[in-house]
Every structure is written in structure tokens, then in C-alpha cells.
Amino acid sequence: MRFPLSLDLLRRLPRHPDWKYELIDGEAVLSSRPRPLGFRRPTDMAVAAAPKHDAEVRAVEATRDRAGLVTLLLDVWSDEDPYRSFEEDVREAELRRELERTVERPEELEGAVALDTHGLCAGLLVMGSGPPALTWLSVRRDVRGRGLATALLSVVVDALAARGEPELGSYASAANVPSVRWHLACGFALTPDRLRELLRRDGSA
Ligand SMILES: CC(C)(COP(=O)(O)OP(=O)(O)OC[C@H]1O[C@@H](n2cnc3c(N)ncnc32)[C@H](O)[C@@H]1OP(=O)(O)O)[C@@H](O)C(=O)NCCC(=O)NCCS
């Protein structure tokens with residue numbers, strides 16, 4: 001995103017932790033630069049779920065859930081950072097490509113979904129490679145705050161614990177307050193970040 005701006009105004013512009021702010025040839029140049037916080041939680045710690053919903057919550061069934069997942073994730077994420085943008089077409093096309101890549105190998109799809117009378121209303125996937133980590137956690141706007149994300153987590157944590165995985169990782173933008181609060185409420189702890197600690201000790205962050 002580029003627009004004309006003076007150096008003085010650029011310095012006073014409110015900052016978002018996931019965006020880079022530069023001044024090039026008299027224009028402010030804002031570009032997305034996600035720097036997520038890392039979280040982790042042991043899988044042998046039970047998820048304290050107090051559901052306020054009557055959705056069906058179960059493990060992902062790849063072939064059956066693929067289309068519903070893409071629709072839900074497109075709907076939720078086209079309005080969330082880092083995909084929310086003034087350049088709507090570009091971002092939405094990028095998001096769609098990423099989602100289609102994620103669900104293109106159904107045999108590798110792992111996670112949990114919730115279904116209500118309108119269809120798939122919440123979903124959460126586990127990253128395909130490396131140590132297990134949550135990704136694409138999404139709850140339809142009209143059913144947030146009812147314990148659905150927590151119920152999905154419970155399904156995933158039980159499955160990981162049953163096959164001997166000791167830990168579940170996750171990431172969230174520092175600017176995504178609902179997500180950070182959700183992670184902390186669900187027993188995740190921030191992973192140590194050496195650079196952040198050094199900057200903090202140095203007084204730069
Ligand atoms: C973050 C998100 C997944 C939470 O889903 P949810 O189903 O509403 O969460 P839950 O109902 O399970 O919340 C459990 C606890 O998390 C915390 N929490 C969840 N949403 C919160 C919010 N908006 N503000 C503050 N705390 C919140 C609360 O402690 C809550 O417990 P309480 O309801 O007893 O207060 C949902 O807001 C969402 O889909 N956001 C958009 C996509 C996104 O940001 N995903 C996360 C990517 S890392």
C-alpha cells in the first residue's frame with residue numbers, strides 16, 4: 001500500500017506490529033510483515049471446556065469437510081490480518097490459493113470441525129509437517145464466545161495425546177487480542193523468544 005505522506009506524519013502514524021512502515025520518494029509504503037508470537041501447551045493437560053453451544057464437534061473428515069472448510073476459512077480470514085487489505089482482490093486470491101494448497105491432500109488433513117444447522121461453523125487444523133502445531137483456527141462470527149474453539153482444541157489435544165505427541169504448538173499475532181486471550185485461557189504458554197528478550201533487556205521493545 002503506497003500513499004503520499006510527510007516524514008513527520010509517518011513518524012506519528014499509529015503502528016501495527018504486523019506491518020512494516022517505510023518512506024520512499026515522499027510516499028509511505030506499508031507492507032505486511034507478520035511476526036507472530038509462538039505458544040505451546042502439553043497435551044496431557046486436559047482442556048477445561050464449558051460449552052455454551054449445541055454444535056456437533058468432531059475430528060476432520062477430509063473428503064467430507066474439505067469444501068465447508070474452504071468456505072468458512074475464506075469467509076473468516078478475508079476479514080482478518082494478514083489478509084485484510086485495501087487491495088482486496090490480490091489478498092483474497094492469495095488466501096484462496098493458500099487454502100486450496102492446504103486442503104489439496106485430504107489424506108494429510110488433520111484437525112477438528114464443528115457443525116450447526118447452517119453447516120460447518122468452526123474449524124481448526126494441525127500443521128502437516130514437523131512437530132504438531134495449530135493452524136487456521138476459525139469460528140464463524142455469529143457463534144463466537146460459546147466455547148467452540150475450546151471444544152475443537154479438546155478433540156485435537158486428545159488425539160495427539162493418544163498417539164504419544166507430548167506438546168502442541170501454535171502462533172498468533174500480538175495484535176490479535178481475542179486469539180492471544182484464547183491461547184492463554186486454554187493453557188498455552190508463550191514460547192521463549194530470544195530476539196524479543198534481548199530487545200526488551202536493551203530497552204528497544
Ligand atoms: C479467536 C477465536 C478462534 C476464539 O473462538 P471462540 O469460539 O469464540 O473462543 P471460546 O468461546 O472457546 O473462548 C474461550 C476463552 O478464550 C478467551 N476469549 C475468546 N475470545 C475472546 C475475546 N474476543 N476477547 C477476550 N477473550 C476471549 C476467553 O477467556 C474465553 O472464555 P470465556 O468465554 O469464558 O471468557 C475466534 O474469535 C476467531 O475465529 N477469530 C478469528 C480468527 C482468528 O483470529 N483465529 C486465531 C488465529 S491464531
# chains A, B, ... in the order shown; residues from 1 in each chain; ligands from 1
>>> closest_atom_pairs(of="region 31-74 of chain A", to="region 144-161 of chain A", cutoff="6 Å", atoms="only C-alpha atoms", output="CSV")
residue,atom,partner,partner_atom,distance
A:Thr43,CA,A:Ala161,CA,5.4
A:Val47,CA,A:Ser154,CA,5.4
A:Pro51,CA,A:Gly147,CA,4.8
A:Lys52,CA,A:Arg146,CA,4.6
A:His53,CA,A:Arg146,CA,5.7
>>> residues_near_ligand(ligand="ligand 1", cutoff="7 Å", atoms="only C-alpha atoms and all ligand atoms", output="PyMOL selection string")
chain A and resi 76-77+80+135-141+143-151+171-173+176-179+181-183+185-186
>>> write_last_selection(atoms="C-alpha atoms", output="short mmCIF file (atom, residue, chain, number, x, y, z; two decimals), in the first residue's frame")
data_model
loop_
_atom_site.label_atom_id
_atom_site.label_comp_id
_atom_site.auth_asym_id
_atom_site.auth_seq_id
_atom_site.Cartn_x
_atom_site.Cartn_y
_atom_site.Cartn_z
CA VAL A 76 -13.33 -15.60 8.32
CA TRP A 77 -9.83 -14.80 7.05
CA GLU A 80 -8.60 -10.82 9.39
CA THR A 135 -3.24 -23.51 12.19
CA TRP A 136 -6.28 -21.82 10.60
CA LEU A 137 -8.27 -21.75 13.85
CA SER A 138 -11.55 -20.11 12.79
CA VAL A 139 -15.00 -19.67 14.32
CA ARG A 140 -17.89 -18.15 12.34
CA ARG A 141 -18.59 -14.65 13.73
CA VAL A 143 -21.13 -18.27 17.12
CA ARG A 144 -18.02 -16.88 18.82
CA GLY A 145 -17.80 -16.79 22.62
CA ARG A 146 -19.64 -20.12 23.04
CA GLY A 147 -16.65 -22.37 23.70
CA LEU A 148 -16.40 -23.73 20.15
CA ALA A 149 -12.68 -23.04 19.64
CA THR A 150 -12.02 -24.65 23.02
CA ALA A 151 -14.11 -27.70 22.08
CA TYR A 171 1.10 -18.96 16.65
CA ALA A 172 -0.88 -15.73 16.96
CA SER A 173 -0.29 -12.14 16.01
CA ASN A 176 -4.96 -10.40 17.60
CA VAL A 177 -6.20 -9.88 21.15
CA PRO A 178 -9.06 -12.46 21.02
CA SER A 179 -6.62 -15.11 19.82
CA ARG A 181 -6.51 -14.29 25.17
CA TRP A 182 -7.93 -17.57 23.89
CA HIS A 183 -4.48 -19.23 23.86
CA ALA A 185 -7.22 -19.12 28.65
CA CYS A 186 -6.70 -22.58 27.11
#
>>> atom_distance(atom1="CA of Leu125 (chain A)", atom2="CA of Val113 (chain A)")
8.7 Å
>>> residues_around(residues="Leu72 (chain A)", least_positions_apart="2", cutoff="8 Å", atoms="only C-alpha atoms", output="list in words")
Gly68, Leu69, Val70, Leu74, Asp75, Val76, Leu120, Cys121, Ala122, Gly123, Ser138 and Arg140 of chain A
>>> residues_around(residues="Gly38 (chain A)", least_positions_apart="2", cutoff="12 Å", atoms="only C-alpha atoms", output="short mmCIF file (atom, residue, chain, number, x, y, z; two decimals) with N, CA and C atoms, in the first residue's frame")
data_model
loop_
_atom_site.label_atom_id
_atom_site.label_comp_id
_atom_site.auth_asym_id
_atom_site.auth_seq_id
_atom_site.Cartn_x
_atom_site.Cartn_y
_atom_site.Cartn_z
N ARG A 35 4.74 -11.07 12.37
CA ARG A 35 5.74 -11.52 13.34
C ARG A 35 4.99 -12.16 14.51
N PRO A 36 4.48 -13.37 14.29
CA PRO A 36 3.59 -13.96 15.29
C PRO A 36 4.30 -14.34 16.59
N ARG A 40 2.89 -22.75 23.21
CA ARG A 40 2.85 -24.21 23.28
C ARG A 40 2.15 -24.66 24.56
N ARG A 41 1.61 -25.87 24.49
CA ARG A 41 0.95 -26.43 25.68
C ARG A 41 1.14 -27.94 25.66
N ALA A 133 1.35 -28.39 15.33
CA ALA A 133 1.03 -27.00 15.67
C ALA A 133 -0.32 -26.66 15.07
N LEU A 134 -1.10 -25.86 15.79
CA LEU A 134 -2.41 -25.44 15.31
C LEU A 134 -2.27 -24.46 14.16
N THR A 135 -3.21 -24.52 13.24
CA THR A 135 -3.24 -23.51 12.19
C THR A 135 -4.69 -23.30 11.74
N LEU A 168 1.74 -29.43 21.89
CA LEU A 168 1.07 -28.80 20.74
C LEU A 168 1.52 -27.35 20.67
N GLY A 169 1.98 -26.93 19.50
CA GLY A 169 2.41 -25.54 19.32
C GLY A 169 1.31 -24.72 18.66
N SER A 170 1.51 -23.40 18.61
CA SER A 170 0.57 -22.52 17.92
C SER A 170 1.22 -21.15 17.73
N TYR A 171 0.59 -20.31 16.90
CA TYR A 171 1.10 -18.96 16.65
C TYR A 171 -0.08 -18.00 16.63
N ALA A 172 0.16 -16.77 17.07
CA ALA A 172 -0.88 -15.73 16.96
C ALA A 172 -0.21 -14.38 16.86
N SER A 173 -0.82 -13.50 16.08
CA SER A 173 -0.29 -12.14 16.01
C SER A 173 -0.51 -11.45 17.35
N ALA A 174 0.48 -10.66 17.77
CA ALA A 174 0.34 -9.91 19.04
C ALA A 174 -0.84 -8.95 18.96
N SER A 179 -7.38 -13.87 19.96
CA SER A 179 -6.62 -15.11 19.82
C SER A 179 -5.60 -15.27 20.95
N VAL A 180 -4.90 -14.19 21.29
CA VAL A 180 -3.91 -14.27 22.37
C VAL A 180 -4.61 -14.63 23.68
N HIS A 183 -5.61 -18.33 23.61
CA HIS A 183 -4.48 -19.23 23.86
C HIS A 183 -4.15 -19.28 25.36
N LEU A 184 -4.10 -18.12 25.99
CA LEU A 184 -3.73 -18.10 27.42
C LEU A 184 -4.83 -18.77 28.26
N PHE A 188 -2.15 -22.45 26.97
CA PHE A 188 -0.91 -22.27 26.20
C PHE A 188 -0.01 -21.29 26.95
N ALA A 189 1.31 -21.48 26.81
CA ALA A 189 2.27 -20.52 27.36
C ALA A 189 3.09 -19.97 26.20
N LEU A 190 3.52 -18.72 26.33
CA LEU A 190 4.36 -18.12 25.28
C LEU A 190 5.68 -18.86 25.20
N THR A 191 6.16 -19.13 23.99
CA THR A 191 7.48 -19.77 23.88
C THR A 191 8.54 -18.68 24.02
N PRO A 192 9.69 -19.02 24.60
CA PRO A 192 10.73 -18.02 24.76
C PRO A 192 11.15 -17.49 23.38
N ASP A 193 11.36 -16.21 23.26
CA ASP A 193 11.78 -15.59 22.00
C ASP A 193 13.05 -14.80 22.30
N ARG A 194 14.20 -15.34 21.85
CA ARG A 194 15.49 -14.76 22.22
C ARG A 194 15.63 -13.32 21.76
N ARG A 196 13.22 -11.11 21.11
CA ARG A 196 12.34 -10.23 21.88
C ARG A 196 12.93 -9.95 23.26
#
>>> residues_around(residues="Pro82 (chain A)", least_positions_apart="5", cutoff="9 Å", atoms="only C-alpha atoms", output="VMD selection string")
chain A and resid 18 to 19 32 to 34 77 91
>>> select_by_dssp(residues="region 71-175 of chain A", states="helix (DSSP H, G or I)", output="PyMOL selection string")
chain A and resi 71-77+88-103+106-108+141-143+148-162
>>> write_last_selection(atoms="N, CA and C atoms", output="compact mmCIF listing (two decimals), in the first residue's frame")
# COMPACT_ATOMS: atom_id res chain seq x y z
N THR A 71 -14.83 -22.73 2.51
CA THR A 71 -15.82 -21.65 2.58
C THR A 71 -15.71 -20.90 3.91
N LEU A 72 -15.62 -21.63 5.01
CA LEU A 72 -15.53 -20.99 6.33
C LEU A 72 -14.24 -20.17 6.44
N LEU A 73 -13.11 -20.77 6.06
CA LEU A 73 -11.83 -20.08 6.23
C LEU A 73 -11.74 -18.85 5.34
N LEU A 74 -12.29 -18.95 4.12
CA LEU A 74 -12.29 -17.78 3.23
C LEU A 74 -13.11 -16.66 3.86
N ASP A 75 -14.27 -17.02 4.40
CA ASP A 75 -15.17 -16.03 4.99
C ASP A 75 -14.49 -15.36 6.20
N VAL A 76 -13.92 -16.17 7.10
CA VAL A 76 -13.33 -15.60 8.32
C VAL A 76 -12.07 -14.81 8.00
N TRP A 77 -11.16 -15.42 7.20
CA TRP A 77 -9.83 -14.80 7.05
C TRP A 77 -9.80 -13.65 6.08
N GLU A 88 -8.13 -5.68 -2.12
CA GLU A 88 -8.95 -6.86 -1.81
C GLU A 88 -8.75 -8.05 -2.74
N ASP A 89 -8.74 -7.77 -4.05
CA ASP A 89 -8.69 -8.88 -4.99
C ASP A 89 -7.41 -9.69 -4.82
N VAL A 90 -6.29 -8.95 -4.67
CA VAL A 90 -4.99 -9.61 -4.57
C VAL A 90 -4.96 -10.50 -3.34
N ARG A 91 -5.36 -9.93 -2.20
CA ARG A 91 -5.29 -10.66 -0.94
C ARG A 91 -6.22 -11.86 -0.94
N GLU A 92 -7.43 -11.68 -1.51
CA GLU A 92 -8.39 -12.78 -1.49
C GLU A 92 -7.91 -13.93 -2.38
N ALA A 93 -7.31 -13.56 -3.52
CA ALA A 93 -6.80 -14.60 -4.42
C ALA A 93 -5.66 -15.35 -3.74
N GLU A 94 -4.81 -14.60 -3.01
CA GLU A 94 -3.68 -15.22 -2.30
C GLU A 94 -4.20 -16.18 -1.23
N LEU A 95 -5.22 -15.72 -0.50
CA LEU A 95 -5.83 -16.54 0.56
C LEU A 95 -6.43 -17.81 -0.02
N ARG A 96 -7.16 -17.66 -1.12
CA ARG A 96 -7.80 -18.83 -1.75
C ARG A 96 -6.75 -19.85 -2.19
N ARG A 97 -5.64 -19.33 -2.78
CA ARG A 97 -4.57 -20.25 -3.21
C ARG A 97 -3.99 -21.00 -2.02
N GLU A 98 -3.75 -20.26 -0.92
CA GLU A 98 -3.17 -20.89 0.27
C GLU A 98 -4.09 -21.97 0.83
N LEU A 99 -5.39 -21.66 0.87
CA LEU A 99 -6.36 -22.62 1.42
C LEU A 99 -6.47 -23.85 0.55
N GLU A 100 -6.48 -23.63 -0.77
CA GLU A 100 -6.62 -24.79 -1.65
C GLU A 100 -5.39 -25.68 -1.55
N ARG A 101 -4.21 -25.04 -1.36
CA ARG A 101 -2.99 -25.84 -1.15
C ARG A 101 -3.11 -26.65 0.15
N THR A 102 -3.67 -26.02 1.18
CA THR A 102 -3.78 -26.69 2.48
C THR A 102 -4.66 -27.92 2.41
N VAL A 103 -5.76 -27.83 1.66
CA VAL A 103 -6.71 -28.96 1.66
C VAL A 103 -6.56 -29.87 0.44
N PRO A 106 -6.10 -34.54 0.98
CA PRO A 106 -7.01 -34.87 2.07
C PRO A 106 -6.42 -35.87 3.05
N GLU A 107 -5.55 -36.77 2.56
CA GLU A 107 -5.01 -37.79 3.47
C GLU A 107 -4.15 -37.15 4.56
N GLU A 108 -3.70 -35.89 4.32
CA GLU A 108 -2.85 -35.24 5.32
C GLU A 108 -3.62 -34.27 6.20
N ARG A 141 -18.38 -15.81 12.82
CA ARG A 141 -18.59 -14.65 13.73
C ARG A 141 -19.79 -14.80 14.65
N ASP A 142 -20.91 -15.31 14.12
CA ASP A 142 -22.15 -15.32 14.92
C ASP A 142 -22.14 -16.38 16.02
N VAL A 143 -21.13 -17.26 16.07
CA VAL A 143 -21.13 -18.27 17.12
C VAL A 143 -19.86 -18.20 18.00
N LEU A 148 -16.63 -22.84 21.28
CA LEU A 148 -16.40 -23.73 20.15
C LEU A 148 -14.91 -23.96 19.88
N ALA A 149 -14.12 -22.88 19.89
CA ALA A 149 -12.68 -23.04 19.64
C ALA A 149 -12.08 -23.96 20.69
N THR A 150 -12.54 -23.82 21.92
CA THR A 150 -12.02 -24.65 23.02
C THR A 150 -12.42 -26.11 22.81
N ALA A 151 -13.65 -26.33 22.34
CA ALA A 151 -14.11 -27.70 22.08
C ALA A 151 -13.28 -28.34 20.96
N LEU A 152 -12.94 -27.56 19.93
CA LEU A 152 -12.11 -28.10 18.84
C LEU A 152 -10.73 -28.48 19.38
N LEU A 153 -10.20 -27.60 20.22
CA LEU A 153 -8.88 -27.86 20.81
C LEU A 153 -8.89 -29.17 21.58
N SER A 154 -9.96 -29.40 22.32
CA SER A 154 -10.07 -30.60 23.14
C SER A 154 -9.98 -31.86 22.26
N VAL A 155 -10.66 -31.86 21.10
CA VAL A 155 -10.62 -33.01 20.19
C VAL A 155 -9.19 -33.26 19.71
N VAL A 156 -8.52 -32.16 19.33
CA VAL A 156 -7.16 -32.29 18.77
C VAL A 156 -6.17 -32.74 19.84
N VAL A 157 -6.26 -32.16 21.03
CA VAL A 157 -5.33 -32.49 22.11
C VAL A 157 -5.49 -33.97 22.50
N ASP A 158 -6.73 -34.45 22.59
CA ASP A 158 -6.95 -35.86 22.94
C ASP A 158 -6.33 -36.79 21.88
N ALA A 159 -6.51 -36.43 20.60
CA ALA A 159 -5.96 -37.29 19.53
C ALA A 159 -4.43 -37.29 19.58
N LEU A 160 -3.83 -36.13 19.82
CA LEU A 160 -2.36 -36.07 19.86
C LEU A 160 -1.82 -36.84 21.06
N ALA A 161 -2.48 -36.67 22.22
CA ALA A 161 -2.03 -37.37 23.43
C ALA A 161 -2.13 -38.89 23.21
N ALA A 162 -3.22 -39.32 22.55
CA ALA A 162 -3.42 -40.77 22.34
C ALA A 162 -2.31 -41.36 21.47
>>> atom_distance(atom1="CA of Leu124 (chain A)", atom2="CA of Glu61 (chain A)")
12.2 Å
>>> select_by_dssp(residues="region 9-205 of chain A", states="strand (DSSP E or B)", output="PyMOL selection string")
chain A and resi 19-24+27-32+37-42+56-59+111-116+119-126+133-139+167-172+189-190
>>> residues_around(residues="Leu7 (chain A)", least_positions_apart="3", cutoff="9 Å", atoms="only C-alpha atoms", output="PyMOL selection string")
chain A and resi 10-12+23+26-28
>>> write_last_selection(atoms="C-alpha atoms", output="PDB file, in the first residue's frame")
ATOM      1  CA  LEU A  10       4.819   8.920   9.082  1.00  0.00           C
ATOM      2  CA  ARG A  11       6.569   9.141  12.471  1.00  0.00           C
ATOM      3  CA  ARG A  12       3.230   9.927  14.143  1.00  0.00           C
ATOM      4  CA  LEU A  23       9.032   6.313   3.386  1.00  0.00           C
ATOM      5  CA  GLY A  26       7.828  11.006  -0.485  1.00  0.00           C
ATOM      6  CA  GLU A  27       5.382   8.128  -0.241  1.00  0.00           C
ATOM      7  CA  ALA A  28       4.517   5.991   2.761  1.00  0.00           C
TER       8      ALA A  28
END
>>> atom_distance(atom1="CA of Glu56 (chain A)", atom2="CA of Ala114 (chain A)")
5.4 Å
>>> residues_around(residues="Val60 (chain A)", least_positions_apart="2", cutoff="6 Å", atoms="only C-alpha atoms", output="list in words")
Ala62, Gly111, Ala112 and Val113 of chain A
